[in-house]
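Participant: Please find model22.txt (compact mmCIF, C-alpha atoms (C1' of nucleotides)) on the next line:
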# COMPACT_ATOMS: atom_id res chain seq x y z
CA MET A 1 55.02 -85.45 -79.24
CA ALA A 2 54.77 -86.67 -82.74
CA SER A 3 54.19 -90.36 -82.31
CA ARG A 4 52.73 -91.33 -78.98
CA LEU A 5 55.94 -93.29 -78.40
CA SER A 6 55.28 -96.46 -76.41
CA PRO A 7 55.25 -99.71 -78.32
CA ALA A 8 53.82 -102.64 -76.43
CA SER A 9 56.91 -102.93 -74.31
CA ASP A 10 56.21 -99.63 -72.66
CA TRP A 11 52.88 -100.88 -71.31
CA ALA A 12 54.61 -103.70 -69.54
CA THR A 13 56.78 -101.15 -67.79
CA ARG A 14 53.88 -98.95 -66.83
CA ILE A 15 51.85 -101.88 -65.56
CA HIS A 16 54.75 -103.05 -63.55
CA ALA A 17 55.28 -99.57 -62.17
CA ILE A 18 51.85 -99.53 -60.60
CA GLY A 19 52.47 -102.86 -58.94
CA ALA A 20 50.22 -104.96 -61.15
CA ARG A 21 50.87 -108.09 -63.12
CA VAL A 22 51.71 -108.01 -66.78
CA THR A 23 49.40 -110.43 -68.57
CA PRO A 24 48.60 -111.08 -72.23
CA ALA A 25 45.02 -109.93 -71.80
CA ARG A 26 46.04 -106.60 -70.31
CA LEU A 27 48.66 -105.97 -72.95
CA ALA A 28 46.22 -106.86 -75.71
CA VAL A 29 43.49 -104.57 -74.39
CA LEU A 30 45.83 -101.67 -73.73
CA GLY A 31 47.40 -102.04 -77.15
CA LEU A 32 44.02 -102.14 -78.82
CA LEU A 33 42.65 -99.14 -76.98
CA GLU A 34 45.79 -97.19 -77.71
CA ARG A 35 45.42 -97.84 -81.42
CA ALA A 36 41.69 -97.05 -81.40
CA GLU A 37 40.74 -93.50 -82.08
CA GLN A 38 37.46 -93.79 -80.21
CA ALA A 39 36.20 -95.33 -77.02
CA LEU A 40 35.44 -99.02 -77.53
CA SER A 41 32.72 -101.16 -76.05
CA HIS A 42 33.35 -104.52 -74.47
CA ARG A 43 31.75 -106.13 -77.48
CA GLU A 44 34.00 -104.33 -79.93
CA ILE A 45 37.06 -105.27 -77.92
CA GLU A 46 35.96 -108.87 -77.77
CA GLU A 47 35.57 -108.98 -81.53
CA ALA A 48 38.81 -107.19 -82.26
CA LEU A 49 40.67 -109.58 -79.98
CA SER A 50 39.02 -112.64 -81.42
CA SER A 51 42.17 -114.49 -80.49
CA GLY A 52 40.17 -115.87 -77.62
CA PHE A 53 40.12 -114.14 -74.29
CA ASP A 54 37.13 -114.97 -72.18
CA ARG A 55 34.28 -112.46 -71.99
CA VAL A 56 34.68 -112.21 -68.26
CA THR A 57 38.42 -111.75 -68.45
CA LEU A 58 37.91 -108.75 -70.68
CA TYR A 59 35.36 -107.28 -68.30
CA ARG A 60 37.82 -107.70 -65.48
CA VAL A 61 40.71 -106.25 -67.43
CA LEU A 62 38.56 -103.24 -68.26
CA ASP A 63 37.52 -102.81 -64.64
CA TRP A 64 41.11 -103.04 -63.55
CA LEU A 65 42.06 -100.53 -66.18
CA VAL A 66 39.63 -97.96 -64.85
CA GLU A 67 40.47 -98.64 -61.22
CA SER A 68 44.16 -98.34 -61.81
CA GLY A 69 43.68 -95.05 -63.59
CA LEU A 70 45.15 -96.26 -66.86
CA GLY A 71 41.76 -96.21 -68.49
CA HIS A 72 38.61 -94.34 -68.58
CA ARG A 73 34.94 -95.29 -68.83
CA VAL A 74 31.95 -93.60 -70.44
CA THR A 75 28.36 -94.75 -70.62
CA ASP A 76 27.05 -94.25 -74.12
CA ALA A 77 23.51 -93.43 -75.19
CA GLU A 78 22.78 -97.08 -75.89
CA ARG A 79 23.55 -97.71 -72.25
CA VAL A 80 26.74 -99.61 -72.82
CA PHE A 81 30.12 -98.84 -71.31
CA ARG A 82 32.89 -97.61 -73.55
CA PHE A 83 36.54 -97.56 -72.62
CA SER A 84 39.50 -95.51 -73.65
CA ILE A 85 43.06 -94.94 -72.56
CA ALA A 86 43.45 -92.15 -70.05
CA SER A 87 45.70 -89.71 -71.86
CA PRO A 88 48.05 -87.55 -69.84
CA ALA A 89 45.69 -84.64 -70.49
CA ASN A 90 42.71 -86.58 -69.18
CA ALA A 91 44.57 -87.76 -66.18
CA ALA A 92 45.64 -84.23 -65.38
CA HIS A 93 42.33 -82.46 -65.00
CA GLY A 94 40.34 -85.62 -64.76
CA GLU A 95 37.70 -84.68 -67.24
CA HIS A 96 37.36 -84.11 -70.93
CA ALA A 97 34.65 -83.80 -73.52
CA HIS A 98 33.21 -86.61 -75.60
CA PHE A 99 31.63 -86.61 -78.99
CA ARG A 100 29.13 -89.21 -80.10
CA CYS A 101 28.41 -89.55 -83.79
CA GLU A 102 24.78 -90.26 -84.55
CA ALA A 103 25.64 -91.74 -87.92
CA CYS A 104 28.33 -94.25 -87.08
CA GLY A 105 27.70 -94.50 -83.34
CA LYS A 106 31.32 -93.98 -82.44
CA VAL A 107 32.42 -92.08 -79.37
CA PHE A 108 35.45 -89.84 -79.60
CA CYS A 109 37.44 -88.29 -76.82
CA LEU A 110 37.89 -84.63 -77.55
CA ASP A 111 41.08 -84.00 -75.68
CA ASP A 112 41.45 -80.56 -77.15
CA VAL A 113 38.00 -79.30 -76.32
CA PRO A 114 37.90 -77.55 -72.98
CA VAL A 115 35.12 -78.65 -70.66
CA PRO A 116 33.15 -75.57 -69.83
CA THR A 117 32.01 -75.00 -66.29
CA ALA A 118 28.59 -73.76 -65.38
CA PRO A 119 27.34 -72.10 -62.22
CA LEU A 120 25.36 -74.34 -59.88
CA PRO A 121 22.32 -73.58 -57.75
CA ALA A 122 23.04 -72.77 -54.11
CA GLY A 123 23.91 -75.76 -51.98
CA PHE A 124 25.05 -77.93 -54.85
CA SER A 125 28.71 -78.75 -55.05
CA GLY A 126 30.06 -80.22 -58.25
CA LYS A 127 32.97 -82.59 -58.44
CA ALA A 128 33.09 -84.13 -61.89
CA VAL A 129 31.60 -82.94 -65.13
CA GLU A 130 30.47 -84.97 -68.07
CA TYR A 131 30.25 -83.15 -71.32
CA CYS A 132 29.08 -85.03 -74.36
CA ILE A 133 28.18 -83.56 -77.71
CA THR A 134 26.06 -85.53 -80.14
CA GLY A 135 26.12 -84.91 -83.86
CA GLN A 136 28.07 -85.96 -86.90
CA CYS A 137 31.75 -86.74 -86.88
CA ALA A 138 34.10 -85.45 -89.54
CA ARG A 139 34.02 -88.67 -91.51
CA CYS A 140 30.24 -89.09 -91.60
CA ASP A 141 29.69 -85.40 -92.23
CA HIS A 142 31.99 -85.70 -95.21
CA LYS A 143 30.06 -88.65 -96.56
CA ASP A 144 26.85 -86.67 -96.41
CA HIS A 145 28.24 -83.94 -98.63
CA SER A 146 29.53 -86.26 -101.33
CA MET B 1 3.94 -78.90 -53.22
CA ALA B 2 2.99 -75.43 -54.20
CA SER B 3 1.57 -76.93 -57.36
CA ARG B 4 2.99 -76.20 -60.76
CA LEU B 5 -0.48 -75.50 -62.08
CA SER B 6 -1.88 -78.43 -64.03
CA PRO B 7 -3.74 -81.01 -61.99
CA ALA B 8 -4.25 -84.34 -63.68
CA SER B 9 -7.00 -82.96 -65.85
CA ASP B 10 -4.56 -80.77 -67.70
CA TRP B 11 -2.55 -83.77 -68.84
CA ALA B 12 -5.62 -85.30 -70.40
CA THR B 13 -6.03 -82.14 -72.43
CA ARG B 14 -2.41 -82.02 -73.50
CA ILE B 15 -2.38 -85.69 -74.42
CA HIS B 16 -5.51 -85.24 -76.41
CA ALA B 17 -4.05 -82.19 -78.13
CA ILE B 18 -1.20 -84.21 -79.58
CA GLY B 19 -3.63 -86.78 -80.93
CA ALA B 20 -2.85 -89.55 -78.50
CA ARG B 21 -5.10 -91.60 -76.28
CA VAL B 22 -5.65 -90.72 -72.67
CA THR B 23 -5.06 -93.83 -70.61
CA PRO B 24 -4.67 -94.47 -66.88
CA ALA B 25 -1.07 -95.58 -67.28
CA ARG B 26 -0.10 -92.39 -69.10
CA LEU B 27 -1.84 -90.15 -66.61
CA ALA B 28 -0.25 -91.99 -63.70
CA VAL B 29 3.25 -91.75 -65.15
CA LEU B 30 2.90 -88.12 -66.14
CA GLY B 31 1.49 -87.21 -62.75
CA LEU B 32 4.27 -89.04 -60.97
CA LEU B 33 7.03 -87.50 -63.05
CA GLU B 34 5.55 -84.06 -62.58
CA ARG B 35 5.57 -84.46 -58.83
CA ALA B 36 9.09 -85.88 -58.80
CA GLU B 37 11.87 -83.40 -58.46
CA GLN B 38 14.37 -85.62 -60.18
CA ALA B 39 14.49 -87.92 -63.16
CA LEU B 40 13.10 -91.35 -62.28
CA SER B 41 14.13 -94.77 -63.48
CA HIS B 42 11.69 -97.35 -64.77
CA ARG B 43 12.21 -99.30 -61.60
CA GLU B 44 11.41 -96.33 -59.38
CA ILE B 45 8.30 -95.57 -61.37
CA GLU B 46 7.18 -99.18 -61.16
CA GLU B 47 7.55 -99.14 -57.38
CA ALA B 48 5.88 -95.78 -56.93
CA LEU B 49 2.95 -96.93 -59.04
CA SER B 50 2.64 -100.26 -57.31
CA SER B 51 -1.03 -100.10 -58.14
CA GLY B 52 -0.20 -102.60 -60.80
CA PHE B 53 0.70 -101.53 -64.28
CA ASP B 54 2.66 -104.07 -66.21
CA ARG B 55 6.43 -103.61 -66.52
CA VAL B 56 6.13 -103.54 -70.27
CA THR B 57 3.30 -101.04 -70.25
CA LEU B 58 5.44 -98.65 -68.28
CA TYR B 59 8.32 -99.10 -70.69
CA ARG B 60 5.97 -98.34 -73.54
CA VAL B 61 4.44 -95.33 -71.82
CA LEU B 62 7.93 -93.99 -71.22
CA ASP B 63 8.95 -94.55 -74.82
CA TRP B 64 5.81 -92.83 -76.00
CA LEU B 65 6.48 -89.98 -73.63
CA VAL B 66 9.91 -89.35 -75.11
CA GLU B 67 8.74 -89.80 -78.69
CA SER B 68 5.86 -87.41 -78.25
CA GLY B 69 8.14 -84.81 -76.78
CA LEU B 70 6.33 -84.66 -73.45
CA GLY B 71 9.19 -86.37 -71.73
CA HIS B 72 12.86 -86.58 -71.73
CA ARG B 73 15.38 -89.38 -71.27
CA VAL B 74 18.84 -89.50 -69.72
CA THR B 75 21.19 -92.44 -69.33
CA ASP B 76 22.66 -92.42 -65.86
CA ALA B 77 26.08 -93.60 -64.75
CA GLU B 78 24.66 -96.96 -63.67
CA ARG B 79 23.59 -97.43 -67.27
CA VAL B 80 19.87 -97.15 -66.63
CA PHE B 81 17.47 -94.77 -68.32
CA ARG B 82 15.90 -91.99 -66.29
CA PHE B 83 12.89 -90.02 -67.33
CA SER B 84 11.58 -86.56 -66.60
CA ILE B 85 8.93 -84.20 -67.84
CA ALA B 86 10.09 -81.92 -70.61
CA SER B 87 9.63 -78.49 -69.14
CA PRO B 88 8.78 -75.59 -71.45
CA ALA B 89 12.36 -74.40 -71.01
CA ASN B 90 13.72 -77.79 -72.04
CA ALA B 91 11.44 -78.04 -74.96
CA ALA B 92 12.47 -74.60 -76.12
CA HIS B 93 16.18 -75.02 -76.55
CA GLY B 94 16.08 -78.76 -76.43
CA GLU B 95 18.86 -79.20 -73.95
CA HIS B 96 19.55 -78.54 -70.32
CA ALA B 97 22.02 -79.53 -67.68
CA HIS B 98 21.71 -82.43 -65.27
CA PHE B 99 23.11 -82.93 -61.84
CA ARG B 100 23.75 -86.34 -60.36
CA CYS B 101 24.24 -86.58 -56.63
CA GLU B 102 26.88 -89.12 -55.63
CA ALA B 103 25.42 -89.47 -52.16
CA CYS B 104 21.76 -90.12 -52.85
CA GLY B 105 22.06 -91.13 -56.51
CA LYS B 106 19.33 -88.78 -57.63
CA VAL B 107 19.40 -86.97 -60.92
CA PHE B 108 18.15 -83.40 -61.05
CA CYS B 109 17.29 -81.31 -64.05
CA LEU B 110 18.97 -77.96 -63.73
CA ASP B 111 16.65 -75.87 -65.79
CA ASP B 112 18.30 -72.66 -64.70
CA VAL B 113 21.84 -73.64 -65.52
CA PRO B 114 22.81 -72.63 -69.03
CA VAL B 115 24.43 -75.34 -71.10
CA PRO B 116 27.77 -74.05 -72.19
CA THR B 117 28.90 -74.63 -75.73
CA ALA B 118 32.39 -75.64 -76.65
CA PRO B 119 34.22 -75.33 -79.95
CA LEU B 120 34.48 -78.53 -81.97
CA PRO B 121 37.32 -79.84 -84.11
CA ALA B 122 37.03 -79.17 -87.82
CA GLY B 123 34.52 -81.34 -89.64
CA PHE B 124 32.50 -82.16 -86.56
CA SER B 125 29.01 -80.78 -86.35
CA GLY B 126 27.24 -80.87 -83.04
CA LYS B 127 23.51 -81.18 -82.68
CA ALA B 128 22.69 -81.97 -79.08
CA VAL B 129 24.74 -81.49 -75.97
CA GLU B 130 24.64 -83.47 -72.80
CA TYR B 131 25.97 -81.73 -69.76
CA CYS B 132 25.96 -83.58 -66.49
CA ILE B 133 27.63 -82.50 -63.31
CA THR B 134 28.35 -85.02 -60.59
CA GLY B 135 28.73 -84.05 -56.95
CA GLN B 136 26.61 -83.47 -53.91
CA CYS B 137 23.12 -82.07 -54.01
CA ALA B 138 21.94 -79.38 -51.62
CA ARG B 139 20.25 -81.85 -49.31
CA CYS B 140 23.16 -84.28 -49.01
CA ASP B 141 25.66 -81.47 -48.75
CA HIS B 142 23.67 -80.08 -45.88
CA LYS B 143 23.66 -83.43 -44.11
CA ASP B 144 27.44 -83.58 -44.32
CA HIS B 145 27.83 -80.31 -42.52
CA SER B 146 25.55 -81.16 -39.63
C1' DC C 1 66.38 -122.53 -61.95
C1' DG C 2 62.65 -123.98 -59.58
C1' DC C 3 59.12 -123.09 -55.37
C1' DG C 4 55.27 -121.18 -53.87
C1' DC C 5 52.21 -117.41 -52.87
C1' DT C 6 49.08 -114.67 -54.85
C1' DC C 7 46.61 -112.78 -58.44
C1' DA C 8 44.49 -113.53 -63.07
C1' DT C 9 41.85 -116.51 -66.01
C1' DG C 10 38.08 -119.54 -67.70
C1' DC C 11 33.76 -121.54 -67.16
C1' DA C 12 29.01 -121.67 -65.85
C1' DA C 13 25.32 -119.77 -63.98
C1' DC C 14 23.10 -115.67 -62.71
C1' DT C 15 20.92 -110.67 -62.45
C1' DC C 16 18.80 -106.91 -64.31
C1' DA C 17 17.26 -103.43 -67.88
C1' DG C 18 15.07 -103.34 -71.80
C1' DT C 19 12.64 -105.59 -76.07
C1' DT C 20 9.42 -108.35 -78.99
C1' DG C 21 5.23 -111.06 -80.49
C1' DC C 22 0.70 -111.88 -79.87
C1' DA C 23 -3.87 -112.11 -78.03
C1' DA C 24 -7.18 -109.56 -75.27
C1' DT C 25 -8.89 -105.12 -73.94
C1' DT C 26 -10.12 -100.32 -74.16
C1' DG C 27 -10.37 -95.34 -75.87
C1' DA C 28 -12.21 -92.29 -79.17
C1' DT C 29 -14.87 -91.43 -83.05
C1' DA C 30 -18.93 -91.80 -85.74
C1' DT D 1 -23.72 -98.03 -79.02
C1' DA D 2 -20.83 -100.27 -82.59
C1' DT D 3 -16.40 -100.17 -84.56
C1' DC D 4 -11.52 -100.25 -85.22
C1' DA D 5 -7.10 -98.90 -84.23
C1' DA D 6 -4.22 -98.09 -80.38
C1' DT D 7 -2.96 -99.76 -75.83
C1' DT D 8 -2.38 -103.26 -72.41
C1' DG D 9 -0.83 -107.65 -70.29
C1' DC D 10 1.57 -111.83 -70.49
C1' DA D 11 5.42 -114.68 -71.57
C1' DA D 12 9.46 -115.40 -73.53
C1' DC D 13 13.64 -113.41 -75.10
C1' DT D 14 18.17 -110.51 -75.71
C1' DG D 15 22.37 -108.56 -74.38
C1' DA D 16 25.39 -106.19 -70.97
C1' DG D 17 27.41 -106.90 -66.96
C1' DT D 18 28.34 -109.72 -62.45
C1' DT D 19 29.55 -113.55 -59.20
C1' DG D 20 31.56 -117.97 -57.34
C1' DC D 21 34.76 -121.24 -57.74
C1' DA D 22 38.38 -124.19 -59.44
C1' DT D 23 42.43 -123.99 -62.40
C1' DG D 24 46.45 -121.72 -64.30
C1' DA D 25 49.98 -118.29 -64.71
C1' DG D 26 53.05 -113.98 -62.98
C1' DC D 27 56.85 -112.87 -60.42
C1' DG D 28 59.54 -112.41 -56.22
C1' DC D 29 62.49 -115.30 -53.50
C1' DG D 30 65.76 -118.53 -52.29
Would you mind writing the structure in this file as structure tokens?
Facilitator:
Amino acid sequence: MASRLSPASDWATRIHAIGARVTPARLAVLGLLERAEQALSHREIEEALSSGFDRVTLYRVLDWLVESGLGHRVTDAERVFRFSIASPANAAHGEHAHFRCEACGKVFCLDDVPVPTAPLPAGFSGKAVEYCITGQCARCDHKDHS
Amino acid sequence: MASRLSPASDWATRIHAIGARVTPARLAVLGLLERAEQALSHREIEEALSSGFDRVTLYRVLDWLVESGLGHRVTDAERVFRFSIASPANAAHGEHAHFRCEACGKVFCLDDVPVPTAPLPAGFSGKAVEYCITGQCARCDHKDHS
DNA sequence: CGCGCTCATGCAACTCAGTTGCAATTGATA
DNA sequence: TATCAATTGCAACTGAGTTGCATGAGCGCG
């Protein structure tokens, strides 16, 4: 898979396939998230799409995105939600690691990092696992050394 | 309630040792958190301590608690902060696993569960790790089976 | 192509967690 | 006990996210 295929047109198809309506707001958000290399907050999305969707519309698109399984939500350390496209890998085993850069504040989805499993105390049954590493991302780490 | 050593008096000593002032609010919060078996939210603390500390005072006590290293903060899925006492184990390696029960919403500190480490992509340097498992706690799991 | 049902959008007002500024109080030290 | 900085309480504020309701836009159907 060199390029992730799928120009905007593909989203319309996928949206349609799940029985939902294809709207400008949804296409815009999906396109933006697909281009983004990290999980974006509502605020960031609002600013990037300054072309004028309503705050609330974006919230609803993002909710829909998570509900429909196309997207994926994390709560970051600053207690704001961040959204990303659910990659095939994510969708498959339902969980993947995140990395939060202390320097630039960005949250990356580490699709290639396996989520380790830990043994639980007796009586506890785990379903989902959240695994988030905090530190410096490649870009900020590089800046430090220069 | 088999008592983890340290009655209230011990807190006064520890607070004093780190060069901070011993106040009723701090003692109340520390005592409450010590008794609690899960991380508590500001709201829960406020209700438990209905004896009338100001909202803001509690926020400040909690901030102080984390800053001073006596306490420990997690952001839960509902995007609210939860606080717990930093156990010696926590303090030692600085990180430990959490468990969030979907049924009762409580957050437990799993001091005995080792936090697994995962390999990072090149250029990324990790500092802290957050490891949170979601599922059913022993109590709620038990209820299901009865 | 146009009709109409339903869902999506925009607007305004709201909730709730957490923060800030400032004056009054209190803890610890001398 | 007097002193002074740290802590508290109050009030007002911020910013993320939610809700209700009227309007507008998809899209399936004839």
Participant: Would you pick out the contacts of range 13-24 of chain C at 9 Å or less, using all atoms listed in the file, so that residues sharing its chain but fewer than 6 positions from it are not included, and give the list as a PyMOL selection string?
Facilitator: (chain B and resi 42+56+59+79-81) or (chain D and resi 8-9+12-14+17-19)
Participant: Could you write those residues out with C-alpha atoms (C1' of nucleotides), as an mmCIF file, keeping the file's coordinate frame?
Facilitator:
data_model
loop_
_atom_site.group_PDB
_atom_site.id
_atom_site.type_symbol
_atom_site.label_atom_id
_atom_site.label_comp_id
_atom_site.auth_asym_id
_atom_site.auth_seq_id
_atom_site.Cartn_x
_atom_site.Cartn_y
_atom_site.Cartn_z
ATOM 1 C CA HIS B 42 11.690 -97.350 -64.770
ATOM 2 C CA VAL B 56 6.130 -103.540 -70.270
ATOM 3 C CA TYR B 59 8.320 -99.100 -70.690
ATOM 4 C CA ARG B 79 23.590 -97.430 -67.270
ATOM 5 C CA VAL B 80 19.870 -97.150 -66.630
ATOM 6 C CA PHE B 81 17.470 -94.770 -68.320
ATOM 7 C "C1'" DT D 8 -2.380 -103.260 -72.410
ATOM 8 C "C1'" DG D 9 -0.830 -107.650 -70.290
ATOM 9 C "C1'" DA D 12 9.460 -115.400 -73.530
ATOM 10 C "C1'" DC D 13 13.640 -113.410 -75.100
ATOM 11 C "C1'" DT D 14 18.170 -110.510 -75.710
ATOM 12 C "C1'" DG D 17 27.410 -106.900 -66.960
ATOM 13 C "C1'" DT D 18 28.340 -109.720 -62.450
ATOM 14 C "C1'" DT D 19 29.550 -113.550 -59.200
#
Participant: Which residues of chain B are close to chain C, meaning at most 8 Å apart when you count only C-alpha atoms (C1' of nucleotides), and how do they look as a PyMOL selection string?
Facilitator: chain B and resi 21-23+80
Participant: At most 8 Å is the cut-off: for each residue in chain A with any atom that close to an atom of chain B, write down the nearest atom pair and the distance in Å rounded to one decimal, counting all atoms listed in the file, chain first then increasing number, as CSV.
Facilitator:
residue,atom,partner,partner_atom,distance
A:Thr75,CA,B:Ala77,CA,6.4
A:Asp76,CA,B:Thr75,CA,7.8
A:Ala77,CA,B:Thr75,CA,6.4
A:Arg79,CA,B:Arg79,CA,5.0
A:Val80,CA,B:Arg79,CA,6.7
A:Phe81,CA,B:Arg79,CA,7.8
A:Val113,CA,B:Pro119,CA,6.6
A:Pro114,CA,B:Ala118,CA,6.9
A:Val115,CA,B:Ala118,CA,7.2
A:Pro116,CA,B:Pro116,CA,6.1
A:Thr117,CA,B:Pro116,CA,7.3
A:Ala118,CA,B:Val113,CA,6.8
A:Pro119,CA,B:Val113,CA,6.6
A:Leu120,CA,B:Val113,CA,6.7
A:Pro121,CA,B:Val113,CA,7.8
A:Ala122,CA,B:Ala138,CA,7.1
A:Gly123,CA,B:Ala138,CA,4.1
A:Phe124,CA,B:Cys137,CA,4.6
A:Ser125,CA,B:Gln136,CA,5.3
A:Gly126,CA,B:Gly135,CA,4.3
A:Lys127,CA,B:Gly135,CA,4.7
A:Ala128,CA,B:Thr134,CA,5.0
A:Val129,CA,B:Ile133,CA,4.4
A:Glu130,CA,B:Cys132,CA,5.0
A:Tyr131,CA,B:Tyr131,CA,4.8
A:Cys132,CA,B:Glu130,CA,5.0
A:Ile133,CA,B:Val129,CA,4.4
A:Thr134,CA,B:Ala128,CA,5.0
A:Gly135,CA,B:Gly126,CA,4.3
A:Gln136,CA,B:Ser125,CA,5.3
A:Cys137,CA,B:Phe124,CA,4.7
A:Ala138,CA,B:Gly123,CA,4.1
A:Arg139,CA,B:Gly123,CA,7.6
A:Asp141,CA,B:Gly123,CA,6.8
A:His142,CA,B:Gly123,CA,7.5
Participant: Let's have the selection written as a PDB file, in the coordinates of the input, with C-alpha atoms.
Facilitator:
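Below is the file selection15.pdb, written as the result:
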ATOM      1  CA  THR A  75      28.360 -94.750 -70.620  1.00  0.00           C
ATOM      2  CA  ASP A  76      27.050 -94.250 -74.120  1.00  0.00           C
ATOM      3  CA  ALA A  77      23.510 -93.430 -75.190  1.00  0.00           C
ATOM      4  CA  ARG A  79      23.550 -97.710 -72.250  1.00  0.00           C
ATOM      5  CA  VAL A  80      26.740 -99.610 -72.820  1.00  0.00           C
ATOM      6  CA  PHE A  81      30.120 -98.840 -71.310  1.00  0.00           C
ATOM      7  CA  VAL A 113      38.000 -79.300 -76.320  1.00  0.00           C
ATOM      8  CA  PRO A 114      37.900 -77.550 -72.980  1.00  0.00           C
ATOM      9  CA  VAL A 115      35.120 -78.650 -70.660  1.00  0.00           C
ATOM     10  CA  PRO A 116      33.150 -75.570 -69.830  1.00  0.00           C
ATOM     11  CA  THR A 117      32.010 -75.000 -66.290  1.00  0.00           C
ATOM     12  CA  ALA A 118      28.590 -73.760 -65.380  1.00  0.00           C
ATOM     13  CA  PRO A 119      27.340 -72.100 -62.220  1.00  0.00           C
ATOM     14  CA  LEU A 120      25.360 -74.340 -59.880  1.00  0.00           C
ATOM     15  CA  PRO A 121      22.320 -73.580 -57.750  1.00  0.00           C
ATOM     16  CA  ALA A 122      23.040 -72.770 -54.110  1.00  0.00           C
ATOM     17  CA  GLY A 123      23.910 -75.760 -51.980  1.00  0.00           C
ATOM     18  CA  PHE A 124      25.050 -77.930 -54.850  1.00  0.00           C
ATOM     19  CA  SER A 125      28.710 -78.750 -55.050  1.00  0.00           C
ATOM     20  CA  GLY A 126      30.060 -80.220 -58.250  1.00  0.00           C
ATOM     21  CA  LYS A 127      32.970 -82.590 -58.440  1.00  0.00           C
ATOM     22  CA  ALA A 128      33.090 -84.130 -61.890  1.00  0.00           C
ATOM     23  CA  VAL A 129      31.600 -82.940 -65.130  1.00  0.00           C
ATOM     24  CA  GLU A 130      30.470 -84.970 -68.070  1.00  0.00           C
ATOM     25  CA  TYR A 131      30.250 -83.150 -71.320  1.00  0.00           C
ATOM     26  CA  CYS A 132      29.080 -85.030 -74.360  1.00  0.00           C
ATOM     27  CA  ILE A 133      28.180 -83.560 -77.710  1.00  0.00           C
ATOM     28  CA  THR A 134      26.060 -85.530 -80.140  1.00  0.00           C
ATOM     29  CA  GLY A 135      26.120 -84.910 -83.860  1.00  0.00           C
ATOM     30  CA  GLN A 136      28.070 -85.960 -86.900  1.00  0.00           C
ATOM     31  CA  CYS A 137      31.750 -86.740 -86.880  1.00  0.00           C
ATOM     32  CA  ALA A 138      34.100 -85.450 -89.540  1.00  0.00           C
ATOM     33  CA  ARG A 139      34.020 -88.670 -91.510  1.00  0.00           C
ATOM     34  CA  ASP A 141      29.690 -85.400 -92.230  1.00  0.00           C
ATOM     35  CA  HIS A 142      31.990 -85.700 -95.210  1.00  0.00           C
TER      36      HIS A 142
END
Participant: Could you work out how far C1' of DC10 in chain D lies from CA of Glu67 in chain B, giving the answer in Å with one decimal?
Facilitator: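 Distance reported for this atom pair: 24.6 Å.
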Participant: Quick one: axis-aligned box around all listed atoms of range 28-31 of chain B, 5 Å on every side, centre and edge lengths in Å to one decimal, written as AutoDock Vina command-line options.
Facilitator:
--center_x 1.5 --center_y -89.6 --center_z -64.4 --size_x 13.5 --size_y 14.8 --size_z 13.4
Participant: Kindly indicate which residue among A:Val66, A:Ser41, A:Glu34, A:Cys109 lies nearest to chain D, using all atoms listed in the file for the distances.
Facilitator: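 Of A:Val66, A:Ser41, A:Glu34, A:Cys109, the one nearest chain D is A:Ser41, counting all atoms listed in the file.
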Participant: Go ahead and compute the interatomic distance for CA of Gly69 in chain B and CA of Ala86 in chain B, in Å to one decimal.
Facilitator: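 For CA of Gly69 in chain B relative to CA of Ala86 in chain B, the distance reads 7.1 Å.
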Participant: Counting only C-alpha atoms (C1' of nucleotides), find residues at most 7 Å from (11.8, -83.3, -69.6) (file frame) and give them as a list in words.
Facilitator: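 Residues close enough to count: Leu70, Gly71, His72, Ser84, Ile85, Ala86, Ser87 and Asn90 of chain B.
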Participant: Quick one: residues within 8 Å of range 60-64 of chain B, only C-alpha atoms (C1' of nucleotides) counted, chain neighbours fewer than 6 positions away excluded, as a list in words?
Facilitator: Ala25, Arg26, Val29, Gly71 and Phe83 of chain B
Participant: Rounded to one decimal place, report the C1' of DG15 in chain D-CA of Arg43 in chain A distance in Å.
Facilitator: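 It comes out at 10.2 Å.
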Participant: Using only C-alpha atoms (C1' of nucleotides), can you tell me which of B:Glu37, B:Glu44, B:Asp54, B:Asp10 comes closest to chain D?
Facilitator: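 Closest candidate: B:Asp54.
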